[in-house]
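For reference, query.txt (compact mmCIF, C-alpha atoms):
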# COMPACT_ATOMS: atom_id res chain seq x y z
CA LYS C 28 -40.49 -5.62 16.39
CA ARG C 29 -40.05 -2.31 18.19
CA GLU C 30 -37.05 -0.27 17.10
CA PRO C 31 -34.79 0.81 19.98
CA SER C 32 -35.27 4.49 20.82
CA ALA C 33 -32.27 6.82 20.74
CA GLU C 34 -31.29 9.93 22.65
CA VAL C 35 -29.88 12.67 20.41
CA LEU C 36 -27.91 15.70 21.61
CA THR C 37 -26.52 18.44 19.34
CA PHE C 38 -23.53 20.58 20.24
CA ASP C 39 -21.90 23.47 18.35
CA ASP C 40 -19.77 21.24 16.14
CA SER C 41 -20.92 17.66 16.75
CA VAL C 42 -23.91 15.39 17.19
CA HIS C 43 -24.20 12.73 19.89
CA PHE C 44 -26.67 9.90 20.02
CA ARG C 45 -27.01 6.72 22.03
CA SER C 46 -29.52 3.96 22.57
CA GLN C 47 -31.67 4.30 25.67
CA GLU C 48 -31.69 0.51 26.01
CA ARG C 49 -27.84 0.43 25.97
CA PRO C 50 -26.67 3.78 27.36
CA GLU C 51 -23.04 2.58 27.49
CA GLU C 52 -22.99 2.67 23.69
CA SER C 53 -22.69 6.18 22.29
CA VAL C 54 -21.62 7.82 19.03
CA PHE C 55 -20.19 11.28 18.28
CA VAL C 56 -20.31 12.54 14.67
CA PHE C 57 -18.17 15.52 13.59
CA PRO C 58 -18.78 17.69 10.50
CA TYR C 59 -15.37 16.94 8.94
CA GLY C 60 -16.14 13.24 8.55
CA SER C 61 -14.80 11.73 11.78
CA VAL C 62 -16.91 9.43 13.93
CA VAL C 63 -16.04 8.33 17.48
CA ILE C 64 -17.88 5.26 18.80
CA TRP C 65 -17.92 4.20 22.45
CA GLY C 66 -18.87 0.84 23.96
CA MET C 67 -19.93 -1.07 20.83
CA ASP C 68 -18.68 -4.45 19.70
CA VAL C 69 -17.13 -4.84 16.25
CA GLY C 70 -20.36 -6.02 14.63
CA SER C 71 -22.40 -3.11 15.95
CA GLU C 72 -19.68 -0.68 14.88
CA GLN C 73 -19.80 -1.98 11.31
CA VAL C 74 -23.58 -1.65 11.23
CA MET C 75 -23.34 1.91 12.56
CA LEU C 76 -20.68 2.92 10.03
CA ARG C 77 -22.64 1.37 7.19
CA ASP C 78 -25.71 3.41 8.16
CA LEU C 79 -23.66 6.61 8.38
CA LYS C 80 -22.19 6.05 4.90
CA LYS C 81 -25.54 7.06 3.46
CA PHE C 82 -24.73 10.64 4.44
CA GLN C 83 -21.06 10.84 3.47
CA LEU C 84 -19.69 13.22 0.84
CA SER C 85 -16.42 12.71 -1.09
CA PRO C 86 -15.44 9.51 0.76
CA LEU C 87 -11.82 8.43 1.11
CA ARG C 88 -10.50 5.54 -0.96
CA GLU C 89 -9.57 3.81 2.30
CA ALA C 90 -11.03 4.57 5.72
CA GLU C 91 -8.69 5.72 8.47
CA GLY C 92 -9.22 4.53 12.04
CA ASP C 93 -7.79 4.13 15.51
CA GLU C 94 -8.81 2.09 18.54
CA PHE C 95 -8.51 2.59 22.30
CA ARG C 96 -9.87 0.72 25.27
CA TYR C 97 -11.53 2.73 28.00
CA GLU C 98 -12.08 2.20 31.70
CA TYR C 99 -13.40 4.04 34.73
CA ASP C 100 -11.13 5.65 37.30
CA SER C 101 -11.15 8.42 39.87
CA THR C 102 -9.58 10.86 37.40
CA PRO C 103 -10.39 11.08 33.67
CA GLY C 104 -7.61 11.21 31.07
CA ILE C 105 -5.74 9.11 28.52
CA THR C 106 -2.58 7.06 29.17
CA ASN C 107 -0.97 3.89 27.84
CA GLU C 108 -3.52 3.35 25.05
CA ALA C 109 -6.37 3.54 27.60
CA VAL C 110 -9.00 6.23 27.99
CA LYS C 111 -10.15 6.86 31.57
CA LEU C 112 -13.57 8.20 32.50
CA THR C 113 -14.70 9.34 35.92
CA VAL C 114 -16.46 6.64 37.90
CA GLY C 115 -19.70 7.43 39.74
CA VAL C 116 -20.67 10.62 37.88
CA ASN C 117 -24.06 11.28 36.32
CA SER C 118 -24.94 10.47 32.73
CA GLN C 119 -24.64 14.08 31.48
CA GLU C 120 -21.13 14.45 32.89
CA THR C 121 -20.07 11.18 31.26
CA ILE C 122 -21.28 12.50 27.90
CA LEU C 123 -19.30 15.74 28.32
CA GLU C 124 -16.15 13.83 29.28
CA ARG C 125 -16.52 11.55 26.28
CA LEU C 126 -17.13 14.52 24.00
CA ALA C 127 -13.99 16.32 25.21
CA LEU C 128 -11.92 13.19 24.56
CA SER C 129 -13.73 12.51 21.28
CA HIS C 130 -12.68 15.91 19.91
CA ALA C 131 -9.01 14.97 20.29
CA LEU C 132 -9.55 11.46 18.91
CA ALA C 133 -11.48 12.79 15.90
CA GLN C 134 -8.80 15.40 15.14
CA SER C 135 -6.08 12.76 15.37
CA VAL C 136 -7.84 10.52 12.83
CA LYS C 137 -8.53 13.45 10.48
CA LEU C 138 -4.89 14.46 10.73
CA ALA C 139 -3.86 10.89 9.90
CA THR C 140 -5.79 11.10 6.60
CA PHE C 141 -3.86 14.25 5.67
CA GLU C 142 -0.55 12.64 6.66
CA ARG C 143 -1.24 9.60 4.49
CA SER C 144 -2.33 11.67 1.50
CA VAL C 145 0.73 13.94 1.63
CA GLN C 146 3.05 10.95 2.13
CA GLU C 147 1.56 9.17 -0.90
CA THR C 148 1.98 12.29 -3.01
CA ILE C 149 5.60 12.73 -1.94
CA MET C 150 6.42 9.08 -2.61
CA GLU C 151 4.82 9.16 -6.06
CA THR C 152 6.55 12.41 -7.09
CA ARG C 153 9.93 11.93 -5.40
CA TYR C 154 11.55 10.93 -8.72
CA LEU C 155 10.83 14.38 -10.19
CA PRO C 156 13.29 16.42 -8.08
CA LYS C 157 15.91 13.67 -8.57
CA GLU C 158 15.55 13.92 -12.34
CA LEU C 159 15.78 17.69 -12.20
CA ALA C 160 18.89 17.54 -10.00
CA VAL C 161 20.67 15.02 -12.26
CA ASN C 162 19.49 15.95 -15.75
CA GLY C 163 18.17 19.47 -15.37
CA LYS C 164 14.88 18.40 -16.94
CA ILE C 165 11.97 16.00 -16.45
CA SER C 166 11.45 13.01 -18.71
CA ALA C 167 7.70 12.89 -17.97
CA SER C 168 5.27 14.32 -20.48
CA ARG C 169 3.74 17.73 -19.96
CA ARG C 170 0.38 16.10 -19.17
CA ASP C 171 1.95 13.92 -16.43
CA VAL C 172 3.74 16.92 -14.94
CA GLN C 173 0.47 18.88 -14.91
CA LYS C 174 -1.29 16.00 -13.13
CA ASN C 175 1.45 15.88 -10.47
CA VAL C 176 1.28 19.64 -10.02
CA GLY C 177 -2.50 19.39 -9.64
CA ARG C 178 -2.20 16.66 -7.02
CA LEU C 179 0.37 18.64 -5.01
CA PHE C 180 -1.88 21.69 -5.14
CA LEU C 181 -4.92 19.63 -4.08
CA ASP C 182 -3.11 18.24 -1.03
CA ARG C 183 -2.08 21.72 0.10
CA HIS C 184 -5.60 23.04 -0.48
CA ASN C 185 -7.26 20.25 1.52
CA VAL C 186 -4.94 20.61 4.51
CA TYR C 187 -5.21 24.39 4.70
CA LEU C 188 -8.97 24.18 4.19
CA TYR C 189 -9.26 22.16 7.43
CA ALA C 190 -6.35 23.79 9.26
CA ASP C 191 -8.66 25.49 11.77
CA LEU C 192 -10.05 22.09 12.77
CA LEU C 193 -6.70 21.26 14.35
CA ASP C 194 -7.06 24.14 16.81
CA THR C 195 -8.92 23.96 20.10
CA PRO C 196 -12.63 23.50 19.22
CA ASP C 197 -15.01 26.40 19.85
CA TYR C 198 -17.09 23.99 21.92
CA PHE C 199 -14.81 24.67 24.89
CA TRP C 200 -15.80 28.33 25.03
CA ASP C 201 -19.02 27.09 26.64
CA TYR C 202 -17.49 24.12 28.50
CA GLU C 203 -14.19 25.48 29.81
CA THR C 204 -14.10 22.98 32.68
CA HIS C 205 -13.52 20.16 30.18
CA GLU C 206 -10.89 21.87 28.02
CA TRP C 207 -8.06 20.45 30.11
CA LEU C 208 -9.30 16.94 29.34
CA TYR C 209 -9.22 17.69 25.60
CA SER C 210 -5.74 19.24 25.91
CA THR C 211 -4.46 16.17 27.75
CA ALA C 212 -5.73 13.83 25.05
CA ALA C 213 -4.46 16.06 22.23
CA LYS C 214 -1.01 16.17 23.83
CA TYR C 215 -0.96 12.40 24.24
CA LEU C 216 -1.90 11.97 20.57
CA ASP C 217 0.72 14.58 19.48
CA VAL C 218 -1.91 16.50 17.52
CA ARG C 219 -0.03 19.83 17.68
CA GLN C 220 3.40 18.36 16.87
CA ARG C 221 2.04 16.26 14.00
CA ALA C 222 0.19 19.27 12.58
CA GLU C 223 3.33 21.42 12.69
CA PHE C 224 5.36 18.70 10.98
CA LEU C 225 2.64 18.29 8.35
CA PHE C 226 2.72 22.01 7.56
CA LYS C 227 6.51 21.84 7.20
CA ARG C 228 6.12 18.99 4.71
CA LEU C 229 3.53 21.07 2.88
CA ASP C 230 6.09 23.87 2.57
CA MET C 231 8.43 21.34 0.94
CA VAL C 232 5.62 20.28 -1.35
CA ARG C 233 5.09 23.95 -2.24
CA GLU C 234 8.77 24.24 -3.22
CA LEU C 235 8.40 21.21 -5.47
CA TYR C 236 5.19 22.68 -6.89
CA ASP C 237 7.04 25.91 -7.74
CA LEU C 238 9.87 24.00 -9.43
CA LEU C 239 7.45 21.92 -11.49
CA SER C 240 5.54 25.05 -12.49
CA GLN C 241 8.80 26.62 -13.68
CA GLU C 242 9.58 23.46 -15.63
CA LEU C 243 6.16 23.58 -17.28
CA GLN C 244 6.66 27.21 -18.28
CA PHE C 245 10.10 26.40 -19.67
CA LYS C 246 8.76 23.45 -21.67
CA HIS C 247 6.08 25.68 -23.10
CA SER C 248 8.56 28.40 -24.06
CA SER C 249 10.86 25.75 -25.58
CA ASP C 250 8.00 24.47 -27.73
CA LEU C 251 7.32 28.02 -28.90
CA GLU C 252 11.00 28.45 -29.74
CA MET C 253 10.96 25.34 -31.90
CA VAL C 254 7.89 26.62 -33.71
CA ILE C 255 9.60 29.96 -34.32
CA ILE C 256 12.76 28.20 -35.57
CA GLY C 257 10.64 26.14 -37.94
CA LEU C 258 8.88 29.22 -39.28
CA ILE C 259 12.17 31.05 -39.79
CA THR C 260 13.57 28.03 -41.63
CA ILE C 261 10.53 27.83 -43.89
CA GLU C 262 10.72 31.55 -44.62
CA ILE C 263 14.41 31.32 -45.54
CA LEU C 264 13.81 28.28 -47.74
CA ILE C 265 11.01 30.10 -49.57
CA SER C 266 13.26 33.12 -50.03
CA LEU C 267 16.06 30.90 -51.36
CA ALA C 268 13.69 29.18 -53.76
CA LYS C 269 12.47 32.53 -55.01
CA ASP C 270 16.02 33.83 -55.51
CA TRP C 271 17.05 30.56 -57.17
CA VAL C 272 14.24 30.90 -59.71
CA GLU C 273 15.22 34.49 -60.36
CA ALA C 274 18.87 33.42 -60.79
CA ILE C 275 17.91 30.72 -63.32
CA ALA C 276 15.79 33.22 -65.19
CA THR C 277 18.72 35.64 -65.45
CA LEU C 278 21.51 33.31 -66.57
CA THR C 279 23.07 36.20 -68.40
CA LEU C 280 24.27 37.53 -65.06
CA GLY C 281 26.68 34.56 -64.73
CA THR C 282 28.99 35.10 -61.79
CA LYS C 283 26.65 37.57 -60.13
CA ALA C 284 23.91 34.91 -59.86
CA GLY C 285 26.26 32.40 -58.23
CA LEU C 286 27.50 35.05 -55.84
CA LEU C 287 23.93 35.94 -54.94
CA ILE C 288 23.04 32.32 -54.18
CA GLY C 289 26.17 31.89 -52.07
CA VAL C 290 25.36 34.97 -50.02
CA LEU C 291 21.82 33.73 -49.46
CA PHE C 292 23.00 30.29 -48.32
CA LEU C 293 25.52 31.94 -46.00
CA THR C 294 22.81 34.16 -44.56
CA PHE C 295 20.57 31.14 -44.00
CA GLY C 296 23.34 29.24 -42.23
CA ILE C 297 24.28 32.12 -39.97
CA ALA C 298 20.65 32.84 -39.01
CA THR C 299 19.91 29.19 -38.24
CA LEU C 300 23.13 28.79 -36.24
CA PHE C 301 22.35 31.92 -34.23
CA VAL C 302 18.84 30.76 -33.33
CA VAL C 303 20.07 27.28 -32.35
CA LEU C 304 22.89 28.69 -30.19
CA VAL C 305 20.51 31.05 -28.38
CA SER C 306 18.08 28.19 -27.74
CA ARG C 307 20.83 25.90 -26.40
CA ARG C 308 22.13 28.68 -24.18
CA ARG C 309 18.69 29.21 -22.66
CA ARG C 310 18.26 25.48 -22.06
CA GLU C 311 21.66 25.24 -20.37
CA ASP C 312 20.93 28.25 -18.14
CA HIS C 313 17.60 26.71 -17.16
CA ARG C 314 19.23 23.35 -16.34
CA VAL C 315 21.83 25.02 -14.12
CA ARG C 316 19.12 27.06 -12.41
CA MET C 317 17.08 23.93 -11.66
CA GLN C 318 20.09 22.07 -10.25
CA ASN C 319 21.04 25.01 -8.02
CA SER C 320 17.46 25.33 -6.77
CA LEU C 321 17.28 21.65 -5.87
CA GLN C 322 20.66 21.72 -4.16
CA SER C 323 19.61 24.64 -1.98
CA ALA C 324 16.15 23.21 -1.18
CA GLN C 325 15.83 20.64 1.57
CA TYR C 326 13.25 18.20 0.27
CA THR C 327 13.19 15.70 3.13
CA LEU C 328 11.15 12.57 2.50
Reformat the file's structure so that it appears as structure tokens.
Amino acid sequence: KREPSAEVLTFDDSVHFRSQERPEESVFVFPYGSVVIWGMDVGSEQVMLRDLKKFQLSPLREAEGDEFRYEYDSTPGITNEAVKLTVGVNSQETILERLALSHALAQSVKLATFERSVQETIMETRYLPKELAVNGKISASRRDVQKNVGRLFLDRHNVYLYADLLDTPDYFWDYETHEWLYSTAAKYLDVRQRAEFLFKRLDMVRELYDLLSQELQFKHSSDLEMVIIGLITIEILISLAKDWVEAIATLTLGTKAGLLIGVLFLTFGIATLFVVLVSRRRREDHRVRMQNSLQSAQYTL
């Protein structure tokens, strides 16, 4: 059985191919993982996507998609969930119109993956600022806090890594006559407004990331304080034991030995109380600082 031949065209930032036997069916593949398919039925789409999966890198846990119907009209554009292509034009012009519209559709789907990822992160970490606001500390372990900080950082990194993809594609430097068609579709899909809102949410995520980083540093310093308190206690106990042995060995001193032991116990008590009070004071100051930071920050979910 003869395999159907395909026509392949490469542009600056995309690849287009279509079957010569069924020219109405065409596919545009973009380097950031978005694919726009025109004119195929559901079965053919699934076959096409399955074949393209062989070349994917770092796939999403769940694919993101959108669907529009298209029709031919005297003027191309996109309205009311319908994409309009110019009727009666040559095959090359149809490809350029589809490519201009496909850029906006591909960006919209890519943006949707970012929106979902950031929303999931916010929903899964929303209890952290609430705990900080109420208790001044986080009940989660240091490992869990580090994992949440890492996830927040990864979301910000991924979005800013692809931030330039949400701008007008460089393709339109060579095809300026079709830029208006892309702009129309991007405006209909709210690409610019959604991107701006996403960056605002990322700023909120950055604030939470900073707060969690401060909490991690405080937990680490608190652990070091407890170690220091333990070492001081051990040192004092050793000193007391040494002085106690010396006092037993010099019973002839009588009252002087008892006085010496009393002074040592008093010194131990004062030193321990001082260290504990300083530690509690630092913890209280940190709790107040965290509550004030959360009250001033607008973390809108």
Requested in this report: Excluding Phe38 (chain C) and any residue of its chain fewer than 5 positions from it, enumerate the residues within 10 Å of it, using all atoms listed in the file, and give them as JSON, numbers by chain.
Outcome: {"C": [43, 57, 126, 198]}
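Closest approach to Ser71 (chain C) among C:Ser53, C:Leu188, C:Ala139, C:Lys214: C:Ser53, based on only C-alpha atoms.
Distances to Lys227 (chain C) were evaluated for C:Glu142, C:Gln173, C:Glu51, C:Gly257 using only C-alpha atoms, and the minimum falls at C:Glu142.
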Report task. Pick out the residues sitting within 12 Å of Glu151 (chain C), and hand them over as number ranges by chain; count only C-alpha atoms, and ignore anything fewer than 4 positions along from it in its own chain. Result -> C: 144-147, 155-156, 171-172, 174-176, 178-179, 328
Determine, counting only C-alpha atoms, which protein, DNA and RNA residues have an atom within 12 Å of an atom of Trp65 (chain C); residues of the same chain fewer than 2 positions away are not included. Present the result as a compact mmCIF listing (two decimals) with C-alpha atoms, in the frame of the given file.
# COMPACT_ATOMS: atom_id res chain seq x y z
CA HIS C 43 -24.20 12.73 19.89
CA PHE C 44 -26.67 9.90 20.02
CA ARG C 45 -27.01 6.72 22.03
CA SER C 46 -29.52 3.96 22.57
CA ARG C 49 -27.84 0.43 25.97
CA PRO C 50 -26.67 3.78 27.36
CA GLU C 51 -23.04 2.58 27.49
CA GLU C 52 -22.99 2.67 23.69
CA SER C 53 -22.69 6.18 22.29
CA VAL C 54 -21.62 7.82 19.03
CA PHE C 55 -20.19 11.28 18.28
CA VAL C 56 -20.31 12.54 14.67
CA VAL C 62 -16.91 9.43 13.93
CA VAL C 63 -16.04 8.33 17.48
CA MET C 67 -19.93 -1.07 20.83
CA ASP C 68 -18.68 -4.45 19.70
CA VAL C 69 -17.13 -4.84 16.25
CA SER C 71 -22.40 -3.11 15.95
CA GLU C 72 -19.68 -0.68 14.88
CA MET C 75 -23.34 1.91 12.56
CA GLU C 94 -8.81 2.09 18.54
CA PHE C 95 -8.51 2.59 22.30
CA ARG C 96 -9.87 0.72 25.27
CA TYR C 97 -11.53 2.73 28.00
CA GLU C 98 -12.08 2.20 31.70
CA VAL C 110 -9.00 6.23 27.99
CA LEU C 112 -13.57 8.20 32.50
CA THR C 121 -20.07 11.18 31.26
CA ILE C 122 -21.28 12.50 27.90
CA GLU C 124 -16.15 13.83 29.28
CA ARG C 125 -16.52 11.55 26.28
CA LEU C 126 -17.13 14.52 24.00
CA LEU C 128 -11.92 13.19 24.56
CA SER C 129 -13.73 12.51 21.28
CA LEU C 132 -9.55 11.46 18.91
Mind dumping a table of every region 35-115 of chain C residue within 10 Å of region 206-212 of chain C, with the nearest atom pair and its distance in Å to one decimal, using all atoms listed in the file, sorted by chain and rising number, as CSV?
residue,atom,partner,partner_atom,distance
C:Pro103,CA,C:Leu208,CA,7.4
C:Gly104,CA,C:Leu208,CA,6.2
C:Ile105,CA,C:Ala212,CA,5.9
C:Thr106,CA,C:Ala212,CA,8.5
C:Val110,CA,C:Ala212,CA,8.8
Dump C-alpha atoms for the selected residues as a short mmCIF file (atom, residue, chain, number, x, y, z; two decimals), in the coordinates of the input?
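Result saved to again29.cif:
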data_model
loop_
_atom_site.label_atom_id
_atom_site.label_comp_id
_atom_site.auth_asym_id
_atom_site.auth_seq_id
_atom_site.Cartn_x
_atom_site.Cartn_y
_atom_site.Cartn_z
CA PRO C 103 -10.39 11.08 33.67
CA GLY C 104 -7.61 11.21 31.07
CA ILE C 105 -5.74 9.11 28.52
CA THR C 106 -2.58 7.06 29.17
CA VAL C 110 -9.00 6.23 27.99
#
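Using only C-alpha atoms for every distance, the candidate list C:Leu181, C:Leu84, C:Ala133, C:Ala90 yields C:Ala133 as the residue closest to Ile64 (chain C).
Of note, CA of Leu229 (chain C) and CA of Leu193 (chain C) are spaced 15.4 Å apart.
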Query raised in the report: Hey, which of C:Asp182, C:Glu120, C:Glu89, C:Asp194 ends up closest to Gln134 (chain C)? Count all atoms listed in the file.
Result: C:Asp194
Requested in this report: Would you mind reading off the distance between CA of Arg153 (chain C) and CA of Arg228 (chain C), one decimal, in Å?
Outcome: 12.9 Å
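Note that CA of Glu91 (chain C) and CA of Met150 (chain C) are 19.0 Å apart.
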Requested in this report: Rank nothing, just name the residue among C:Thr195, C:Ser240, C:Thr37, C:Gln73 nearest to Pro58 (chain C), using all atoms listed in the file.
Outcome: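 Nearest to Pro58 (chain C): C:Thr37.
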